[in-house]
Structures are given as C-alpha cells and as structure tokens.
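As provided, coords11.csv (CSV, C-alpha atoms (C1' of nucleotides)) reads as follows.
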chain,number,residue,atom,x,y,z
I,1259,MET,CA,-83.3,138.8,165.3
I,1260,SER,CA,-81.8,140.7,168.1
I,1261,CYS,CA,-80.1,143.1,165.7
I,1262,MET,CA,-83.4,144.5,164.6
I,1263,VAL,CA,-84.7,144.7,168.1
I,1264,MET,CA,-81.5,146.4,169.2
I,1265,PHE,CA,-82.3,149.5,167.2
I,1266,LYS,CA,-85.6,150.0,168.9
I,1267,GLU,CA,-84.2,149.4,172.3
I,1268,LYS,CA,-81.6,152.1,171.8
I,1269,GLY,CA,-84.2,154.5,170.5
I,1270,LEU,CA,-82.9,154.2,167.0
I,1271,LYS,CA,-85.0,153.9,163.9
I,1272,LEU,CA,-85.4,150.7,161.8
I,1273,THR,CA,-85.1,151.9,158.2
I,1274,PRO,CA,-85.3,149.8,155.1
I,1275,GLN,CA,-81.6,150.5,154.5
I,1276,ARG,CA,-80.7,149.2,157.9
I,1277,ARG,CA,-82.9,146.1,157.5
I,1278,LEU,CA,-81.0,145.3,154.3
I,1279,ILE,CA,-77.6,145.7,155.9
I,1280,VAL,CA,-78.6,143.4,158.8
I,1281,ASN,CA,-80.0,140.9,156.3
I,1282,ALA,CA,-76.7,140.9,154.4
I,1283,ILE,CA,-74.8,139.9,157.5
I,1284,HIS,CA,-77.3,137.4,158.8
I,1285,GLY,CA,-77.9,135.9,155.4
I,1286,THR,CA,-74.5,134.4,155.0
I,1287,GLU,CA,-72.1,132.3,157.0
I,1288,ALA,CA,-69.2,134.0,155.3
I,1289,HIS,CA,-67.2,137.0,156.5
I,1290,LEU,CA,-68.2,139.9,154.4
I,1291,THR,CA,-66.1,142.9,153.5
I,1292,ALA,CA,-67.6,146.4,153.6
I,1293,GLU,CA,-67.5,146.5,149.9
I,1294,GLU,CA,-69.5,143.3,149.6
I,1295,ILE,CA,-72.1,144.6,152.0
I,1296,ILE,CA,-72.4,147.8,150.0
I,1297,GLY,CA,-72.8,145.7,146.9
I,1298,TYR,CA,-75.5,143.6,148.4
I,1299,VAL,CA,-77.5,146.6,149.6
I,1300,GLN,CA,-77.1,148.6,146.4
I,1301,THR,CA,-78.3,145.8,144.1
I,1302,ARG,CA,-81.5,145.5,146.1
I,1303,MET,CA,-82.0,149.2,146.7
I,1304,PRO,CA,-80.0,151.4,144.3
I,1305,GLY,CA,-79.0,154.8,145.6
I,1306,VAL,CA,-78.1,153.8,149.1
I,1307,ASN,CA,-75.1,155.7,150.0
I,1308,LYS,CA,-71.9,154.0,151.2
I,1309,SER,CA,-71.8,156.3,154.3
I,1310,THR,CA,-75.2,154.9,155.4
I,1311,VAL,CA,-73.7,151.5,155.3
I,1312,TYR,CA,-70.5,152.4,157.1
I,1313,ARG,CA,-72.5,154.3,159.8
I,1314,THR,CA,-74.9,151.3,160.3
I,1315,LEU,CA,-72.0,148.8,160.5
I,1316,GLN,CA,-70.4,151.0,163.2
I,1317,LEU,CA,-73.7,151.1,165.2
I,1318,LEU,CA,-74.0,147.3,165.0
I,1319,GLU,CA,-70.4,146.9,166.0
I,1320,GLU,CA,-70.8,149.2,169.0
I,1321,ALA,CA,-73.9,147.4,170.1
I,1322,GLY,CA,-72.0,144.1,169.9
I,1323,CYS,CA,-74.3,142.7,167.2
I,1324,VAL,CA,-71.5,142.5,164.7
I,1325,TYR,CA,-67.8,141.8,164.9
I,1326,LYS,CA,-65.2,143.5,162.7
I,1327,SER,CA,-61.8,142.0,162.1
I,1328,GLU,CA,-59.0,143.8,160.5
I,1329,LEU,CA,-56.3,142.2,158.4
I,1330,GLY,CA,-53.9,144.8,157.1
I,1331,ASP,CA,-55.8,146.6,154.4
I,1332,GLN,CA,-59.3,145.1,154.6
I,1333,SER,CA,-61.9,144.7,157.3
I,1334,ILE,CA,-64.4,141.9,157.5
I,1335,TYR,CA,-67.7,141.8,159.3
I,1336,HIS,CA,-69.6,138.9,160.8
I,1337,HIS,CA,-72.5,138.6,163.1
I,1338,ALA,CA,-71.8,138.0,166.8
I,1339,GLU,CA,-74.1,135.0,167.2
I,1340,GLU,CA,-72.2,132.5,165.2
I,1341,GLY,CA,-69.6,131.9,168.0
I,1342,HIS,CA,-66.2,133.4,168.3
I,1343,HIS,CA,-63.1,132.1,166.7
I,1344,HIS,CA,-59.9,133.5,165.2
I,1345,HIS,CA,-58.9,133.6,161.6
I,1346,LEU,CA,-55.8,132.1,159.9
I,1347,VAL,CA,-55.2,133.8,156.6
I,1348,CYS,CA,-52.7,132.3,154.2
I,1349,SER,CA,-50.5,135.1,152.8
I,1350,ARG,CA,-49.8,133.0,149.7
I,1351,CYS,CA,-53.2,131.6,148.6
I,1352,GLY,CA,-55.4,133.9,150.6
I,1353,ARG,CA,-57.5,131.0,152.0
I,1354,THR,CA,-59.0,131.5,155.5
I,1355,VAL,CA,-59.1,128.9,158.2
I,1356,ASP,CA,-61.2,129.3,161.4
I,1357,CYS,CA,-59.2,128.8,164.5
I,1358,ALA,CA,-60.3,127.8,168.0
I,1359,GLU,CA,-60.8,130.7,170.4
I,1360,ASP,CA,-58.7,129.2,173.3
I,1361,VAL,CA,-55.3,129.4,171.6
I,1362,PHE,CA,-55.0,132.9,172.9
I,1363,LEU,CA,-55.5,131.9,176.5
I,1364,PRO,CA,-51.7,131.5,177.2
I,1365,ILE,CA,-51.0,135.0,175.9
I,1366,GLU,CA,-53.8,136.5,177.8
I,1367,ARG,CA,-52.4,135.0,180.9
I,1368,ALA,CA,-48.8,136.0,180.1
I,1369,VAL,CA,-49.4,139.6,179.4
I,1370,ARG,CA,-51.6,139.9,182.4
I,1371,ASP,CA,-49.0,138.4,184.7
I,1372,LYS,CA,-46.0,140.1,183.1
I,1373,TYR,CA,-47.4,143.5,182.3
I,1374,GLY,CA,-50.7,143.8,184.2
I,1375,PHE,CA,-52.3,144.3,180.8
I,1376,GLN,CA,-55.8,143.0,180.2
I,1377,ALA,CA,-55.8,142.1,176.5
I,1378,GLY,CA,-59.0,141.2,174.7
I,1379,PHE,CA,-58.7,138.7,171.8
I,1380,LYS,CA,-61.7,138.4,169.6
I,1381,HIS,CA,-61.6,137.4,166.0
I,1382,MET,CA,-57.9,137.9,165.7
I,1383,VAL,CA,-56.5,137.6,162.3
I,1384,MET,CA,-53.2,135.9,161.9
I,1385,SER,CA,-51.3,135.7,158.7
I,1386,GLY,CA,-48.8,133.0,157.6
I,1387,LEU,CA,-48.6,129.9,155.5
I,1388,CYS,CA,-51.4,127.3,155.4
I,1389,LYS,CA,-50.8,123.6,155.4
I,1390,GLU,CA,-51.0,123.3,151.6
I,1391,CYS,CA,-48.7,126.3,150.9
I,1392,ARG,CA,-46.0,125.3,153.4
I,1393,GLY,CA,-44.9,122.5,151.1
I,1394,LYS,CA,-44.5,124.6,148.0
I,1395,ALA,CA,-41.4,126.4,147.1
I,1396,GLY,CA,-41.1,129.9,148.3
Y,723,MET,CA,-26.3,151.9,157.9
Y,724,SER,CA,-27.5,148.9,156.0
Y,725,CYS,CA,-30.6,150.7,154.9
Y,726,MET,CA,-28.5,153.1,152.7
Y,727,VAL,CA,-26.4,150.2,151.3
Y,728,MET,CA,-29.5,148.2,150.6
Y,729,PHE,CA,-30.6,150.6,147.9
Y,730,LYS,CA,-27.3,150.3,146.1
Y,731,GLU,CA,-27.3,146.5,146.4
Y,732,LYS,CA,-30.7,146.3,144.8
Y,733,GLY,CA,-29.8,148.6,142.0
Y,734,LEU,CA,-31.9,151.4,143.4
Y,735,LYS,CA,-30.9,155.0,143.7
Y,736,LEU,CA,-30.0,156.8,146.8
Y,737,THR,CA,-31.8,160.1,146.5
Y,738,PRO,CA,-31.8,163.0,149.0
Y,739,GLN,CA,-35.4,162.2,149.7
Y,740,ARG,CA,-34.7,158.6,150.6
Y,741,ARG,CA,-31.7,159.6,152.8
Y,742,LEU,CA,-34.1,161.8,154.8
Y,743,ILE,CA,-36.7,159.1,155.2
Y,744,VAL,CA,-34.1,156.6,156.4
Y,745,ASN,CA,-32.7,159.3,158.8
Y,746,ALA,CA,-36.2,159.8,160.2
Y,747,ILE,CA,-36.5,156.2,161.2
Y,748,HIS,CA,-33.0,155.7,162.4
Y,749,GLY,CA,-32.9,159.0,164.3
Y,750,THR,CA,-35.4,158.0,166.9
Y,751,GLU,CA,-36.2,155.1,169.2
Y,752,ALA,CA,-39.9,155.8,168.9
Y,753,HIS,CA,-42.4,154.2,166.6
Y,754,LEU,CA,-43.3,156.8,164.0
Y,755,THR,CA,-46.5,157.1,162.1
Y,756,ALA,CA,-46.4,157.7,158.4
Y,757,GLU,CA,-47.7,161.2,159.0
Y,758,GLU,CA,-44.8,161.9,161.4
Y,759,ILE,CA,-42.3,160.7,158.9
Y,760,ILE,CA,-43.8,162.9,156.2
Y,761,GLY,CA,-43.6,165.8,158.6
Y,762,TYR,CA,-40.0,165.2,159.4
Y,763,VAL,CA,-39.1,165.0,155.7
Y,764,GLN,CA,-41.1,168.0,154.6
Y,765,THR,CA,-39.7,170.4,157.3
Y,766,ARG,CA,-36.2,169.6,156.1
Y,767,MET,CA,-37.0,169.5,152.4
Y,768,PRO,CA,-40.3,171.2,151.5
Y,769,GLY,CA,-42.1,170.0,148.4
Y,770,VAL,CA,-41.4,166.3,149.0
Y,771,ASN,CA,-44.5,164.5,148.0
Y,772,LYS,CA,-46.2,162.0,150.3
Y,773,SER,CA,-46.3,159.4,147.6
Y,774,THR,CA,-42.5,159.5,147.6
Y,775,VAL,CA,-42.5,158.8,151.3
Y,776,TYR,CA,-45.0,156.0,151.1
Y,777,ARG,CA,-43.2,154.4,148.2
Y,778,THR,CA,-39.8,154.5,150.0
Y,779,LEU,CA,-41.3,153.1,153.2
Y,780,GLN,CA,-42.7,150.2,151.2
Y,781,LEU,CA,-39.3,149.5,149.7
Y,782,LEU,CA,-37.7,149.6,153.1
Y,783,GLU,CA,-40.3,147.2,154.5
Y,784,GLU,CA,-40.0,144.8,151.6
Y,785,ALA,CA,-36.2,144.8,152.1
Y,786,GLY,CA,-36.7,144.0,155.8
Y,787,CYS,CA,-35.0,147.2,156.9
Y,788,VAL,CA,-38.2,148.6,158.4
Y,789,TYR,CA,-41.1,147.0,160.2
Y,790,LYS,CA,-44.6,148.2,159.9
Y,791,SER,CA,-47.3,147.4,162.6
Y,792,GLU,CA,-50.9,148.1,162.1
Y,793,LEU,CA,-53.4,149.0,164.9
Y,794,GLY,CA,-56.8,149.5,163.5
Y,795,ASP,CA,-56.6,152.8,161.8
Y,796,GLN,CA,-52.9,153.8,162.0
Y,797,SER,CA,-49.6,152.2,160.9
Y,798,ILE,CA,-46.4,152.6,162.8
Y,799,TYR,CA,-42.9,152.2,161.4
Y,800,HIS,CA,-39.7,151.2,163.2
Y,801,HIS,CA,-36.3,150.0,162.0
Y,802,ALA,CA,-35.6,146.4,162.1
Y,803,GLU,CA,-32.3,146.5,164.1
Y,804,GLU,CA,-33.7,147.5,167.4
Y,805,GLY,CA,-34.9,144.0,168.3
Y,806,HIS,CA,-38.3,142.6,167.9
Y,807,HIS,CA,-41.1,142.9,170.3
Y,808,HIS,CA,-44.9,143.2,170.4
Y,809,HIS,CA,-47.0,146.2,171.4
Y,810,LEU,CA,-49.7,146.4,174.0
Y,811,VAL,CA,-51.8,149.4,173.3
Y,812,CYS,CA,-54.3,150.6,175.9
Y,813,SER,CA,-57.6,151.3,174.4
Y,814,ARG,CA,-58.5,153.8,177.1
Y,815,CYS,CA,-55.4,156.0,177.6
Y,816,GLY,CA,-53.6,155.1,174.3
Y,817,ARG,CA,-50.3,154.4,176.0
Y,818,THR,CA,-48.1,151.7,174.4
Y,819,VAL,CA,-46.1,149.1,176.3
Y,820,ASP,CA,-43.5,146.9,174.7
Y,821,CYS,CA,-44.0,143.2,175.1
Y,822,ALA,CA,-41.6,140.3,175.0
Y,823,GLU,CA,-41.4,138.4,171.7
Y,824,ASP,CA,-41.8,135.0,173.2
Y,825,VAL,CA,-45.4,135.3,174.5
Y,826,PHE,CA,-46.5,134.2,171.0
Y,827,LEU,CA,-44.6,130.9,171.0
Y,828,PRO,CA,-47.5,128.9,172.5
Y,829,ILE,CA,-49.8,130.1,169.8
Y,830,GLU,CA,-47.3,129.5,167.1
Y,831,ARG,CA,-47.0,125.9,168.3
Y,832,ALA,CA,-50.8,125.5,168.7
Y,833,VAL,CA,-51.8,126.6,165.3
Y,834,ARG,CA,-49.0,124.6,163.7
Y,835,ASP,CA,-50.0,121.4,165.5
Y,836,LYS,CA,-53.8,121.9,165.2
Y,837,TYR,CA,-54.1,123.4,161.7
Y,838,GLY,CA,-50.7,122.9,160.1
Y,839,PHE,CA,-50.6,126.7,159.8
Y,840,GLN,CA,-47.2,128.4,160.0
Y,841,ALA,CA,-48.0,131.8,161.5
Y,842,GLY,CA,-45.5,134.6,161.7
Y,843,PHE,CA,-45.8,136.9,164.6
Y,844,LYS,CA,-43.7,140.1,164.4
Y,845,HIS,CA,-44.6,143.4,166.0
Y,846,MET,CA,-48.1,142.3,166.8
Y,847,VAL,CA,-50.3,144.9,168.3
Y,848,MET,CA,-52.7,143.9,171.0
Y,849,SER,CA,-55.3,146.2,172.4
Y,850,GLY,CA,-56.8,146.1,175.9
Y,851,LEU,CA,-56.5,147.8,179.2
Y,852,CYS,CA,-53.2,148.7,180.7
Y,853,LYS,CA,-52.3,148.3,184.4
Y,854,GLU,CA,-53.3,151.8,185.3
Y,855,CYS,CA,-56.6,151.8,183.5
Y,856,ARG,CA,-57.8,148.5,184.8
Y,857,GLY,CA,-58.4,150.0,188.2
Y,858,LYS,CA,-60.5,152.9,187.0
Y,859,ALA,CA,-64.2,152.7,186.5
Y,860,GLY,CA,-65.3,151.5,183.1
X,36,DA,C1',-105.1,159.5,160.3
X,37,DT,C1',-102.3,163.6,161.5
X,38,DA,C1',-98.8,166.5,163.2
X,39,DG,C1',-94.5,166.9,165.7
X,40,DT,C1',-90.1,165.4,167.1
X,41,DT,C1',-85.8,163.5,166.2
X,42,DA,C1',-82.9,160.1,164.0
X,43,DT,C1',-81.4,159.1,159.5
X,44,DT,C1',-80.3,159.7,154.8
X,45,DG,C1',-77.7,161.4,150.8
X,46,DC,C1',-74.7,164.7,149.5
X,47,DA,C1',-70.4,166.9,149.0
X,48,DC,C1',-66.3,167.1,150.8
X,49,DC,C1',-62.3,165.4,153.4
X,50,DT,C1',-58.7,162.0,155.0
X,51,DG,C1',-54.7,158.6,154.5
X,52,DG,C1',-52.8,155.9,151.4
X,53,DT,C1',-52.0,154.3,146.4
X,54,DT,C1',-51.1,154.5,141.3
X,55,DG,C1',-50.2,155.9,136.2
X,56,DC,C1',-47.5,159.0,133.8
X,57,DA,C1',-44.5,162.6,132.0
X,58,DA,C1',-40.5,165.1,133.6
X,59,DT,C1',-36.4,164.8,136.3
X,60,DT,C1',-32.2,163.0,138.3
X,61,DA,C1',-28.8,159.5,140.2
X,62,DT,C1',-25.7,156.7,138.6
X,63,DA,C1',-22.6,154.0,135.3
X,64,DA,C1',-19.9,154.1,131.1
X,65,DG,C1',-17.1,156.4,127.8
M,709,DC,C1',-16.7,165.9,132.0
M,710,DT,C1',-20.3,164.3,129.0
M,711,DT,C1',-23.8,161.2,127.6
M,712,DA,C1',-26.9,157.4,128.1
M,713,DT,C1',-30.4,155.1,130.6
M,714,DA,C1',-33.2,153.5,133.9
M,715,DA,C1',-35.0,154.6,138.4
M,716,DT,C1',-37.4,158.2,140.8
M,717,DT,C1',-40.0,162.2,141.6
M,718,DG,C1',-44.1,165.1,141.8
M,719,DC,C1',-48.4,165.5,140.1
M,720,DA,C1',-53.1,164.7,139.6
M,721,DA,C1',-56.4,161.5,140.0
M,722,DC,C1',-58.1,157.7,142.5
M,723,DC,C1',-59.6,154.5,146.4
M,724,DA,C1',-61.9,153.1,150.9
M,725,DG,C1',-63.7,155.0,154.6
M,726,DG,C1',-65.4,158.9,157.4
M,727,DT,C1',-67.9,163.6,158.6
M,728,DG,C1',-71.0,168.0,158.8
M,729,DC,C1',-75.1,169.5,157.2
M,730,DA,C1',-79.7,170.3,155.2
M,731,DA,C1',-83.6,167.6,153.6
M,732,DT,C1',-86.2,163.5,154.6
M,733,DA,C1',-88.4,159.8,156.8
M,734,DA,C1',-89.5,156.8,161.0
M,735,DC,C1',-91.6,156.8,165.1
M,736,DT,C1',-94.7,158.9,169.0
M,737,DA,C1',-98.6,160.8,170.9
M,738,DT,C1',-102.8,162.6,169.9
Would it be possible to restate this file's structure as structure tokens?
Amino acid sequence: MSCMVMFKEKGLKLTPQRRLIVNAIHGTEAHLTAEEIIGYVQTRMPGVNKSTVYRTLQLLEEAGCVYKSELGDQSIYHHAEEGHHHHLVCSRCGRTVDCAEDVFLPIERAVRDKYGFQAGFKHMVMSGLCKECRGKAG
Amino acid sequence: MSCMVMFKEKGLKLTPQRRLIVNAIHGTEAHLTAEEIIGYVQTRMPGVNKSTVYRTLQLLEEAGCVYKSELGDQSIYHHAEEGHHHHLVCSRCGRTVDCAEDVFLPIERAVRDKYGFQAGFKHMVMSGLCKECRGKAG
DNA sequence: ATAGTTATTGCACCTGGTTGCAATTATAAG
DNA sequence: CTTATAATTGCAACCAGGTGCAATAACTAT
C-alpha cells in the first residue's frame, strides 16, 4: 500500500500506531469519522492517544493518501485510491449518496471565467433533501 | 429591524445582550467571525458570556435573520438582508471574493435530475487560488 | 547486535464551541 | 407599581480537535 511506503519515502517512521490508522482507512469502503478511527485504533491498541491519530491523519492528508471532507460539524476521512466523488448528505435522514465528480465542472469554468478564480472541488459535501425525504411533509 | 421584532414575535425576550449582538451584525457590511462578534459585544458590555453570544447567533440563524458559512475551521456570520452570494476564498492569500449566486444552478439541476436530490446552496464557500495568486509560483 | 540520531508518542494543557443548571431579568397581567 | 412566570444569563464543565515538550522508540550506520 502506498500509504505505508509514503512514510518511508518522506523519511518518516512507520510505527505500529500508524500502521493501525492506515489499516482503519484502507480496511473499509465507508467514510470514517475521526472518532471512529480513534475507536478502531484504541480497541486494538489501548492507550493510543487521540493526538497521535489526528497528527497521523494530517500527515496522510498532506501526502495526498487520504481525503478529508467537512460537513458542518464533522469531518470524514477516506483513502484517495477509491476514486473521487462528491457527497450528497440528506439533512433530514442523514443518508449519504455518492455523486459524480463532473457535476462541478460548470462551476469550475464559471468562476474561472468570471472571477479568474481557480477553484478545486474534491469530495465536496452538499446538504439537502434526498429523493425519499423530498416526498415527506416538512 | 426585523431581527429585533423577530424575538418578540417568537415569544422571546429582547435583552441588552441580544440587542448588541444584532447591532454587531447589522452594523457592518463585512462577514464577522464568532470571535469578532464576541469581541464587539464584550467591549461594549464586559462580562457577557460567549455562550450567550453563541446561543443568540443560533437563534438568529434558525429564524433566518442571519446566515452562517463554514470554511474548514472558521464560521462567518452575515445578515440575511444583504442579498445572497457565495464566497471564493483564496487558499494562498486568504482574500475573499464574492461570487454570483447563480453559478450553482447547473449543479442544482444536475443532482436533482441524476439523483433526485434537492440541494440547497446558500453562501457556499469555495477554496482555491485567486486571480493574483494563480500567477505566482506554487 | 549496538549505539546514535531523530521522528514520534503520550501527556497535559489549550482552543472554539456547546450544554445543564441555578440565579437573574424581561415581559405580561393585575 | 407590584407580582408572577417563563425565558435568559453566567457559570462551570464538557467536547472535538490541536500544540509544546520531555520521554520513548524506529531507523541508520557501524
């Protein structure tokens, strides 16, 4: 896994704690919250400090191995290899739907042409009402 | 100001603390951070607790009097009457450019058609490189 | 296998923001 | 103007996340 190699390549050390954290993210298809990753690590190796986890996640993010998306209060982490997409989060039921990457192309073009601004859209999180919840009263 | 009236209409009380908080937001064109609002209030009325400010901001937001945008770590507040727009924040120099509201219409349509998802885009914050910083080395 | 270098860990503390609760205060009614 | 009552305040404690630092552990060269 390139995540493990990345540490070595950057002159960083591959500790048991870091191995666990990488495993947590690679071992699931889901998008994990920091809390879930801390839980995963601590059940397998009690005593690991949360700051260790946060620091490692930041390293992985900076190296491009892991992506972090923010929706209001919580951040979710997912590994970079599984392809990029955006996230539609229903504000009523909380369910998340993956969304094709290219829906942001028109905006990317628009803000570049209008404002000369080069926006980067990766793993954007959009909130709203999902198909099921649109029908219900509200 | 409808913000002041709003409290009464909802059976809420119009305290000096709340008056100050509303003044802070109405008295400026800028987008204020929570910290700035707390500072504004506390210089005029020392002793006001931050939780009072946060609770009032939440009330104003729920009532639609105030909008809150989140960019990564910080939240900015602005009153709802000044018209809606999005924010382009340069990740290099930190400068913010206002962006027309309608750039999100294509996405709104796309996710509705493709996923049946009704997304709401208000005061979105997009990060990237502004016109000036695009030229510089990176 | 050993010693030396240097990154990493856990700790304790800090930050912005949130919450439960007893004391206070704005408001409505008399 | 007084009283009643319910909303609000300030407090203190809490939460997720982040930081400086001394002790520790991973890697490197021998």
Starting from chain M, keep only residues with some atom at most 10 Å from an atom of chain I, counting only C-alpha atoms (C1' of nucleotides), and report them as a list in words.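 Written out as asked, the residues are DA724, DG725, DG726, DT727, DA733, DA734 and DC735 of chain M.
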Y:His748, Y:Lys858, Y:His800, Y:Arg834 ranked by distance to chain I, top pick (using all atoms listed in the file):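 Of Y:His748, Y:Lys858, Y:His800, Y:Arg834, the one nearest chain I, counting all atoms listed in the file, is Y:Arg834.
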Pull out every residue of chain I that has at least one atom within 6 Å of chain Y, counting all atoms listed in the file, and report them as a VMD selection string. chain I and resid 1361 1365 1374 to 1378 1385 to 1389
Per residue of chain X within 10 Å of chain Y, note the shortest atom pair and the distance in Å to one decimal, counting all atoms listed in the file, and order the rows by chain and increasing residue number, as CSV.
residue,atom,partner,partner_atom,distance
X:DG51,C1',Y:Glu757,CA,8.7
X:DG52,C1',Y:Tyr776,CA,7.8
X:DT53,C1',Y:Ser773,CA,7.7
X:DT54,C1',Y:Ser773,CA,9.3
X:DT60,C1',Y:Thr737,CA,8.7
X:DA61,C1',Y:Lys735,CA,6.1
X:DT62,C1',Y:Lys735,CA,7.5
Filled-in N, CA, C and O atoms of stretch 1321-1339 of chain I, supplied as a PDB file, in the frame of the given file:
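Okay, result09.pdb is ready:
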ATOM      1  N   ALA I1321     -72.887 148.049 169.299  1.00  0.00           N
ATOM      2  CA  ALA I1321     -73.900 147.400 170.100  1.00  0.00           C
ATOM      3  C   ALA I1321     -73.541 145.900 170.323  1.00  0.00           C
ATOM      4  O   ALA I1321     -74.245 145.185 171.025  1.00  0.00           O
ATOM      5  N   GLY I1322     -72.441 145.446 169.732  1.00  0.00           N
ATOM      6  CA  GLY I1322     -72.000 144.100 169.900  1.00  0.00           C
ATOM      7  C   GLY I1322     -72.752 143.070 169.050  1.00  0.00           C
ATOM      8  O   GLY I1322     -72.631 141.867 169.225  1.00  0.00           O
ATOM      9  N   CYS I1323     -73.530 143.544 168.097  1.00  0.00           N
ATOM     10  CA  CYS I1323     -74.300 142.700 167.200  1.00  0.00           C
ATOM     11  C   CYS I1323     -73.392 142.097 166.094  1.00  0.00           C
ATOM     12  O   CYS I1323     -73.688 141.063 165.509  1.00  0.00           O
ATOM     13  N   VAL I1324     -72.348 142.834 165.790  1.00  0.00           N
ATOM     14  CA  VAL I1324     -71.500 142.500 164.700  1.00  0.00           C
ATOM     15  C   VAL I1324     -70.050 142.622 165.083  1.00  0.00           C
ATOM     16  O   VAL I1324     -69.713 143.512 165.864  1.00  0.00           O
ATOM     17  N   TYR I1325     -69.209 141.719 164.609  1.00  0.00           N
ATOM     18  CA  TYR I1325     -67.800 141.800 164.900  1.00  0.00           C
ATOM     19  C   TYR I1325     -67.044 142.246 163.626  1.00  0.00           C
ATOM     20  O   TYR I1325     -67.375 141.833 162.532  1.00  0.00           O
ATOM     21  N   LYS I1326     -66.038 143.051 163.856  1.00  0.00           N
ATOM     22  CA  LYS I1326     -65.200 143.500 162.700  1.00  0.00           C
ATOM     23  C   LYS I1326     -63.791 143.046 162.993  1.00  0.00           C
ATOM     24  O   LYS I1326     -63.246 143.267 164.068  1.00  0.00           O
ATOM     25  N   SER I1327     -63.193 142.357 162.025  1.00  0.00           N
ATOM     26  CA  SER I1327     -61.800 142.000 162.100  1.00  0.00           C
ATOM     27  C   SER I1327     -60.993 142.709 161.089  1.00  0.00           C
ATOM     28  O   SER I1327     -61.475 142.928 159.988  1.00  0.00           O
ATOM     29  N   GLU I1328     -59.786 143.049 161.421  1.00  0.00           N
ATOM     30  CA  GLU I1328     -59.000 143.800 160.500  1.00  0.00           C
ATOM     31  C   GLU I1328     -57.728 142.974 160.121  1.00  0.00           C
ATOM     32  O   GLU I1328     -57.000 142.540 160.989  1.00  0.00           O
ATOM     33  N   LEU I1329     -57.521 142.780 158.835  1.00  0.00           N
ATOM     34  CA  LEU I1329     -56.300 142.200 158.400  1.00  0.00           C
ATOM     35  C   LEU I1329     -55.605 143.187 157.449  1.00  0.00           C
ATOM     36  O   LEU I1329     -55.993 143.322 156.300  1.00  0.00           O
ATOM     37  N   GLY I1330     -54.587 143.864 157.953  1.00  0.00           N
ATOM     38  CA  GLY I1330     -53.900 144.800 157.100  1.00  0.00           C
ATOM     39  C   GLY I1330     -54.814 145.779 156.447  1.00  0.00           C
ATOM     40  O   GLY I1330     -55.340 146.681 157.093  1.00  0.00           O
ATOM     41  N   ASP I1331     -55.055 145.569 155.191  1.00  0.00           N
ATOM     42  CA  ASP I1331     -55.800 146.600 154.400  1.00  0.00           C
ATOM     43  C   ASP I1331     -57.319 146.419 154.614  1.00  0.00           C
ATOM     44  O   ASP I1331     -58.016 147.402 154.719  1.00  0.00           O
ATOM     45  N   GLN I1332     -57.849 145.209 154.668  1.00  0.00           N
ATOM     46  CA  GLN I1332     -59.300 145.100 154.600  1.00  0.00           C
ATOM     47  C   GLN I1332     -59.930 144.679 155.962  1.00  0.00           C
ATOM     48  O   GLN I1332     -59.326 144.008 156.788  1.00  0.00           O
ATOM     49  N   SER I1333     -61.179 145.107 156.143  1.00  0.00           N
ATOM     50  CA  SER I1333     -61.900 144.700 157.300  1.00  0.00           C
ATOM     51  C   SER I1333     -63.037 143.767 156.920  1.00  0.00           C
ATOM     52  O   SER I1333     -63.629 143.907 155.856  1.00  0.00           O
ATOM     53  N   ILE I1334     -63.286 142.772 157.769  1.00  0.00           N
ATOM     54  CA  ILE I1334     -64.400 141.900 157.500  1.00  0.00           C
ATOM     55  C   ILE I1334     -65.360 141.881 158.640  1.00  0.00           C
ATOM     56  O   ILE I1334     -64.992 142.058 159.788  1.00  0.00           O
ATOM     57  N   TYR I1335     -66.630 141.707 158.291  1.00  0.00           N
ATOM     58  CA  TYR I1335     -67.700 141.800 159.300  1.00  0.00           C
ATOM     59  C   TYR I1335     -68.410 140.437 159.371  1.00  0.00           C
ATOM     60  O   TYR I1335     -68.632 139.754 158.375  1.00  0.00           O
ATOM     61  N   HIS I1336     -68.782 140.060 160.589  1.00  0.00           N
ATOM     62  CA  HIS I1336     -69.600 138.900 160.800  1.00  0.00           C
ATOM     63  C   HIS I1336     -70.448 139.038 161.997  1.00  0.00           C
ATOM     64  O   HIS I1336     -70.085 139.769 162.907  1.00  0.00           O
ATOM     65  N   HIS I1337     -71.610 138.355 162.008  1.00  0.00           N
ATOM     66  CA  HIS I1337     -72.500 138.600 163.100  1.00  0.00           C
ATOM     67  C   HIS I1337     -72.028 137.867 164.364  1.00  0.00           C
ATOM     68  O   HIS I1337     -71.346 136.851 164.279  1.00  0.00           O
ATOM     69  N   ALA I1338     -72.401 138.400 165.513  1.00  0.00           N
ATOM     70  CA  ALA I1338     -71.800 138.000 166.800  1.00  0.00           C
ATOM     71  C   ALA I1338     -72.334 136.621 167.240  1.00  0.00           C
ATOM     72  O   ALA I1338     -71.717 135.963 168.068  1.00  0.00           O
ATOM     73  N   GLU I1339     -73.481 136.171 166.691  1.00  0.00           N
ATOM     74  CA  GLU I1339     -74.100 135.000 167.200  1.00  0.00           C
ATOM     75  C   GLU I1339     -73.446 133.669 166.805  1.00  0.00           C
ATOM     76  O   GLU I1339     -73.671 132.628 167.416  1.00  0.00           O
TER      77      GLU I1339
END
